[in-house]
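**Student:** Here you go, this is input34.tsv (TSV, C-alpha atoms).
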```
chain	number	residue	atom	x	y	z
R	119	MET	CA	9.16	40.85	66.84
R	120	ASP	CA	10.46	42.07	63.46
R	121	PRO	CA	7.94	40.77	60.88
R	122	GLN	CA	10.42	41.23	58.03
R	123	THR	CA	13.14	39.00	59.48
R	124	ARG	CA	10.83	37.01	61.80
R	125	SER	CA	13.30	37.56	64.61
R	126	VAL	CA	12.71	38.46	68.25
R	127	VAL	CA	13.83	42.04	68.91
R	128	GLN	CA	13.22	42.17	72.63
R	129	SER	CA	11.30	40.39	75.40
R	130	LEU	CA	9.48	42.73	77.76
R	131	LYS	CA	8.22	41.98	81.24
R	132	LEU	CA	4.86	43.18	82.47
R	133	PRO	CA	5.29	46.14	84.85
R	134	VAL	CA	3.73	44.22	87.76
R	135	PRO	CA	5.34	40.99	89.08
R	136	ASN	CA	3.42	37.71	88.81
R	137	ALA	CA	0.82	39.21	86.47
R	138	THR	CA	-0.83	37.47	83.53
R	139	ALA	CA	-1.91	39.34	80.40
R	140	SER	CA	-5.31	38.75	78.83
R	141	SER	CA	-5.23	40.94	75.70
R	142	ILE	CA	-2.96	43.15	73.62
R	143	ARG	CA	-4.04	45.79	71.08
R	144	ALA	CA	-2.12	48.43	69.13
R	145	ASP	CA	-3.04	52.11	69.11
R	146	ARG	CA	-2.14	53.48	65.67
R	147	GLY	CA	1.52	52.54	65.89
R	148	GLU	CA	2.15	54.75	68.92
R	149	ARG	CA	1.50	52.47	71.88
R	150	ILE	CA	0.19	49.08	72.90
R	151	LEU	CA	-2.73	48.53	75.28
R	152	VAL	CA	-2.29	45.47	77.49
R	153	THR	CA	-4.82	44.22	80.02
R	154	PHE	CA	-3.36	42.05	82.78
R	155	GLU	CA	-4.02	41.01	86.35
R	156	THR	CA	-2.63	39.33	89.44
R	157	ASN	CA	-4.61	37.31	91.94
R	158	GLU	CA	-5.59	40.52	93.69
R	159	THR	CA	-5.64	43.39	91.19
R	160	ALA	CA	-6.52	44.18	87.57
R	161	TYR	CA	-4.49	46.59	85.42
R	162	LEU	CA	-4.31	48.37	82.10
R	163	GLY	CA	-0.79	48.94	80.80
R	164	LEU	CA	0.11	51.43	78.06
R	165	LEU	CA	3.38	50.39	76.41
R	166	SER	CA	5.16	53.06	74.36
R	167	GLN	CA	6.33	51.75	71.00
R	168	LYS	CA	8.95	54.51	70.92
R	169	ASP	CA	10.97	53.62	74.02
R	170	HIS	CA	9.16	50.59	75.54
R	171	THR	CA	8.26	52.39	78.75
R	172	TRP	CA	5.07	51.52	80.65
R	173	LYS	CA	2.23	53.64	82.01
R	174	THR	CA	0.00	51.58	84.29
R	175	PHE	CA	-3.51	52.11	85.64
R	176	THR	CA	-5.31	50.06	88.28
R	177	LEU	CA	-8.76	48.88	87.20
R	178	PRO	CA	-11.77	48.23	89.44
R	179	ARG	CA	-12.33	44.85	87.77
R	180	PRO	CA	-10.51	42.59	85.27
R	181	ALA	CA	-10.81	43.57	81.61
R	182	ASP	CA	-10.88	41.16	78.68
R	183	ILE	CA	-9.97	43.83	76.15
R	184	ALA	CA	-8.98	47.50	75.93
R	185	LEU	CA	-9.22	49.67	72.82
R	186	ALA	CA	-8.06	53.25	72.18
R	187	GLY	CA	-10.07	55.88	70.34
R	188	ARG	CA	-9.45	59.54	69.61
R	189	ASN	CA	-8.42	62.24	72.07
R	190	ASN	CA	-6.92	59.81	74.60
R	191	LEU	CA	-10.26	58.17	75.23
R	192	GLY	CA	-10.35	54.40	75.47
R	193	VAL	CA	-12.81	51.66	76.28
R	194	ILE	CA	-12.41	48.59	78.48
R	195	ALA	CA	-14.68	45.54	78.45
R	196	GLY	CA	-14.94	42.68	80.92
R	197	GLN	CA	-16.83	41.30	83.88
R	198	GLY	CA	-20.14	42.08	82.21
R	199	ARG	CA	-19.51	45.79	81.55
R	200	VAL	CA	-18.07	48.11	78.90
R	201	SER	CA	-16.77	51.46	80.16
R	202	PHE	CA	-14.94	54.48	78.81
R	203	ILE	CA	-11.52	55.24	80.30
R	204	ASN	CA	-9.36	58.35	80.13
R	205	LEU	CA	-5.98	57.13	78.86
R	206	GLU	CA	-4.20	60.13	80.39
R	207	THR	CA	-5.49	59.85	83.94
R	208	GLY	CA	-6.88	56.31	84.13
R	209	GLU	CA	-10.25	57.68	85.28
R	210	ILE	CA	-13.22	55.51	84.33
R	211	ASP	CA	-16.46	57.13	83.20
R	212	THR	CA	-19.31	55.03	84.58
R	213	GLN	CA	-22.07	57.22	83.11
R	214	GLY	CA	-21.78	55.66	79.66
R	215	GLU	CA	-21.36	52.08	80.85
R	216	GLN	CA	-23.21	49.32	79.06
R	217	ALA	CA	-23.79	45.71	80.00
R	218	THR	CA	-22.26	42.89	77.97
R	219	ALA	CA	-23.62	39.39	77.44
R	220	GLY	CA	-21.36	36.37	77.67
R	221	ARG	CA	-17.63	36.50	76.95
R	222	ILE	CA	-15.79	39.26	75.10
R	223	LEU	CA	-14.49	37.62	71.92
R	224	ASP	CA	-12.98	40.34	69.74
R	225	GLY	CA	-12.79	44.07	69.14
R	226	SER	CA	-11.48	46.58	66.63
R	227	VAL	CA	-11.25	50.36	66.14
R	228	GLY	CA	-12.25	52.15	62.95
R	229	ASP	CA	-13.41	55.43	61.41
R	230	GLY	CA	-10.18	57.19	62.34
R	231	GLY	CA	-10.56	56.34	66.01
R	232	ARG	CA	-14.11	57.65	66.21
R	233	LYS	CA	-15.78	54.23	66.50
R	234	ALA	CA	-15.04	50.74	67.76
R	235	VAL	CA	-16.82	47.40	67.57
R	236	ILE	CA	-16.83	44.91	70.43
R	237	VAL	CA	-17.91	41.31	69.79
R	238	MET	CA	-19.41	39.20	72.58
R	239	SER	CA	-20.72	35.65	72.79
R	240	GLY	CA	-24.19	36.61	74.04
R	241	GLN	CA	-26.94	38.45	72.21
R	242	PRO	CA	-27.11	40.91	70.54
R	243	GLY	CA	-23.56	39.84	69.63
R	244	VAL	CA	-21.98	43.24	68.99
R	245	LEU	CA	-21.71	46.66	70.59
R	246	LEU	CA	-20.79	49.85	68.76
R	247	VAL	CA	-18.64	52.34	70.67
R	248	ASP	CA	-18.92	55.99	69.64
R	249	PHE	CA	-15.92	57.82	71.13
R	250	GLU	CA	-17.05	61.27	70.02
R	251	ARG	CA	-20.57	61.03	71.50
R	252	LYS	CA	-19.42	58.77	74.35
R	253	GLU	CA	-22.17	56.28	73.60
R	254	ILE	CA	-22.20	52.47	73.57
R	255	TYR	CA	-25.10	50.61	71.97
R	256	PRO	CA	-25.94	47.56	69.80
R	257	PRO	CA	-26.21	48.46	66.08
R	258	GLY	CA	-28.29	45.34	65.48
R	259	GLN	CA	-28.37	41.65	66.34
R	260	ILE	CA	-25.88	39.15	64.92
R	261	GLU	CA	-26.38	35.50	65.77
R	262	GLY	CA	-23.16	33.78	66.82
R	263	ALA	CA	-20.99	36.88	66.30
R	264	ALA	CA	-17.38	35.75	66.72
R	265	GLY	CA	-14.89	38.12	65.10
R	266	VAL	CA	-14.51	41.54	63.50
R	267	GLY	CA	-12.15	43.06	60.96
R	268	VAL	CA	-12.13	46.71	59.85
R	269	SER	CA	-11.43	47.75	56.27
R	270	GLU	CA	-8.22	49.60	55.44
R	271	ASP	CA	-10.01	52.96	55.16
R	272	GLY	CA	-11.60	52.36	58.56
R	273	ARG	CA	-15.18	52.78	57.40
R	274	LEU	CA	-16.51	49.22	57.22
R	275	ALA	CA	-16.48	46.59	59.96
R	276	TYR	CA	-16.85	43.00	58.74
R	277	ILE	CA	-18.34	40.71	61.39
R	278	ASN	CA	-18.32	36.94	61.01
R	279	SER	CA	-20.53	34.38	62.73
R	280	SER	CA	-19.48	31.03	64.20
R	281	THR	CA	-22.98	29.60	63.82
R	282	THR	CA	-24.15	30.79	60.40
R	283	ARG	CA	-20.75	31.16	58.67
R	284	GLN	CA	-22.11	34.36	57.14
R	285	VAL	CA	-20.51	37.80	57.10
R	286	ARG	CA	-22.24	41.06	57.95
R	287	VAL	CA	-20.87	44.49	57.19
R	288	LEU	CA	-21.40	47.46	59.48
R	289	ASP	CA	-20.91	50.95	58.05
R	290	LEU	CA	-19.30	52.79	60.95
R	291	ARG	CA	-20.45	56.19	59.68
R	292	THR	CA	-24.09	55.48	58.83
R	293	VAL	CA	-24.39	52.55	61.32
R	294	GLY	CA	-26.11	50.55	58.58
R	295	LEU	CA	-25.87	46.77	58.96
R	296	SER	CA	-26.21	44.42	55.99
R	297	LEU	CA	-25.62	40.77	55.11
R	298	LEU	CA	-23.09	39.79	52.43
R	299	GLN	CA	-23.57	36.95	49.98
R	300	GLY	CA	-21.56	33.75	50.36
R	301	GLU	CA	-20.07	32.37	53.54
R	302	PHE	CA	-16.97	30.82	55.12
R	303	PHE	CA	-16.58	27.08	54.50
R	304	GLY	CA	-16.00	26.61	58.22
R	305	SER	CA	-17.13	28.33	61.41
R	306	PRO	CA	-14.51	31.03	62.14
R	307	GLY	CA	-13.76	32.63	65.48
R	308	ILE	CA	-11.66	35.75	65.97
R	309	SER	CA	-10.79	37.41	62.65
R	310	THR	CA	-9.01	40.31	61.01
R	311	PHE	CA	-9.28	42.19	57.72
R	312	SER	CA	-6.43	41.99	55.22
R	313	SER	CA	-6.24	44.59	52.46
R	314	ALA	CA	-3.67	42.42	50.65
R	315	VAL	CA	-6.30	39.76	49.96
R	316	SER	CA	-9.34	42.07	50.24
R	317	GLY	CA	-10.98	39.79	52.73
R	318	LEU	CA	-11.38	38.38	56.20
R	319	LEU	CA	-8.96	35.89	57.73
R	320	GLY	CA	-10.52	33.90	60.57
R	321	VAL	CA	-9.29	31.30	63.05
R	322	TYR	CA	-11.04	27.94	62.63
R	323	VAL	CA	-10.75	25.26	65.32
R	324	ASN	CA	-12.30	21.78	65.34
R	325	GLU	CA	-11.20	20.18	68.59
R	326	ASP	CA	-12.91	16.85	67.86
R	327	GLU	CA	-10.82	16.31	64.73
R	328	ASN	CA	-7.78	18.28	65.97
R	329	ILE	CA	-8.02	20.77	63.11
R	330	ASN	CA	-6.56	24.26	63.55
R	331	ARG	CA	-6.59	26.54	60.53
R	332	VAL	CA	-6.76	30.10	59.27
R	333	ILE	CA	-9.54	30.32	56.69
R	334	GLY	CA	-10.58	33.19	54.44
R	335	TYR	CA	-13.56	34.99	52.95
R	336	SER	CA	-13.21	37.34	49.98
R	337	VAL	CA	-15.05	40.59	50.62
R	338	SER	CA	-14.61	41.67	46.99
R	339	GLY	CA	-15.69	38.29	45.59
R	340	ARG	CA	-18.40	37.63	48.22
R	341	ARG	CA	-17.28	34.03	48.69
R	342	ALA	CA	-15.05	31.79	50.74
R	343	PHE	CA	-11.44	31.27	49.72
R	344	GLU	CA	-10.94	28.09	47.73
R	345	MET	CA	-10.44	24.80	49.54
R	346	GLY	CA	-6.74	24.18	49.99
R	347	SER	CA	-5.92	27.83	50.64
R	348	GLU	CA	-6.30	27.50	54.41
R	349	VAL	CA	-3.17	27.84	56.57
R	350	ASN	CA	-2.20	25.33	59.23
R	351	VAL	CA	-1.50	26.76	62.69
R	352	LEU	CA	-0.36	25.39	66.02
R	353	PRO	CA	-2.96	23.90	68.42
R	354	PHE	CA	-5.17	26.14	70.57
R	355	PRO	CA	-4.87	29.37	68.54
R	356	ARG	CA	-6.40	32.37	70.30
R	357	GLY	CA	-5.73	35.39	68.15
```
Mind turning the file's structure into C-alpha cells?

**Tutor:**
Amino acid sequence: MDPQTRSVVQSLKLPVPNATASSIRADRGERILVTFETNETAYLGLLSQKDHTWKTFTLPRPADIALAGRNNLGVIAGQGRVSFINLETGEIDTQGEQATAGRILDGSVGDGGRKAVIVMSGQPGVLLVDFERKEIYPPGQIEGAAGVGVSEDGRLAYINSSTTRQVRVLDLRTVGLSLLQGEFFGSPGISTFSSAVSGLLGVYVNEDENINRVIGYSVSGRRAFEMGSEVNVLPFPRG
C-alpha cells in the first residue's frame, strides 16, 4: 500500500499455494520477512521490496515471527524455540537455540541490527537476541510483557505490560532494564514506537465491552496520552 495516498499498489500471492501467513516484518526497507505455512509444511519467505520477487526457505517447524539482524543473520521464534537462521542459505543454527514460554506476542530489531527483542506471554516475558555474539537470553523479568517498540536511534526498547500497564525501557547497548514513571490508562497489547509523538502506541482490546482502540504513552512526558486521544479501530486488531 502507498501510505501517502492510502491506495493499494499491488496484491501479492504467497509463493506456496494454499498457505496462510502468520507474521510480516520489514528488514530496513530492503525486504520483507513473512512466516507462513500449509497443513504440511512451514516456510520463511523473503520478499524483495525492489522487484517483489520471493526467496523461500522450508522450516523444520512453524514460526510465529521472523526478524532480520546484521550480516544476513536472522532469528525465528515459534513452537517453543528461538533459533538463528542464515538468510542466505536458510540453514538454522541449533547451537544457540533458546526455549520460549507461552505464545510469541511481539518482536523488534534495534541497535543497527545488532540486537532484537522478542516478547512472549510466559515468564520471563522477554528475550534479548544478540546477533553479533549469537546469543539469546532474558535481560530480566517483565510481568505481563505484551509489546515492544524501539526508539528512532535504535538504542532503547520500550516494553509495555498488559497486567501492570507500566513501561520498562531496555538499553540495547548496556542491557540495563529500568521502570518508567506513569502508565497506560488501559492494558495494551502489541505496540510500536513513534518518533512523531515521542511515545508508544499500543493496541487495546476489551472484548467484554467491544472496545478496540489504539492508546498512547508519552516516553518524553512519562505519562499516558490524555483521555479522548485514543483512536478507534476495527474489531479484532492484531498488529

**Student:** How many Å lie between atom CA of R:Asp182 and atom CA of R:Ile277, rounded to one decimal?

**Tutor:**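 Separating atom CA of R:Asp182 from atom CA of R:Ile277 is a distance of 18.8 Å.
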
**Student:** Using all atoms listed in the file - which residues lie no farther than 8 Å from the point (-11.9, 45.2, 77.3) in the file's frame? Write them as number ranges by chain.

**Tutor:** R: 153, 181-185, 193-196, 200, 222

**Student:** What does the structure give for the distance between atom CA of R:Arg199 and atom CA of R:Leu130, in Å to one decimal?

**Tutor:**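 According to the coordinates, atom CA of R:Arg199 and atom CA of R:Leu130 are separated by 29.4 Å.
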
**Student:** Hey, what's within 12 Å of R:Gly214 if we count all atoms listed in the file and toss same-chain stuff fewer than 6 positions away? As a VMD selection string, please?

**Tutor:** chain R and resid 193 to 194 199 to 203 247 to 249 251 to 255

**Student:** One decimal, Å: what's the distance from atom CA of R:Gly294 over to atom CA of R:Thr212, could you say?

**Tutor:**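 One can read the atom CA of R:Gly294 to atom CA of R:Thr212 distance as 27.2 Å.
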
**Student:** Need the shell around stretch 349-356 of chain R: protein/DNA/RNA residues with any atom at most 8 Å away, counting all atoms listed in the file. Skip same-chain ones fewer than 5 positions apart. Format as number ranges by chain?

**Tutor:** R: 308, 321, 323, 328-333

**Student:** If you count all atoms listed in the file, which residues fall within 6 Å of R:Glu148, apart from same-chain ones fewer than 2 positions away, as a list in words?

**Tutor:**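 Near R:Glu148, the qualifying residues are Asp145, Arg146 and Gln167 of chain R.
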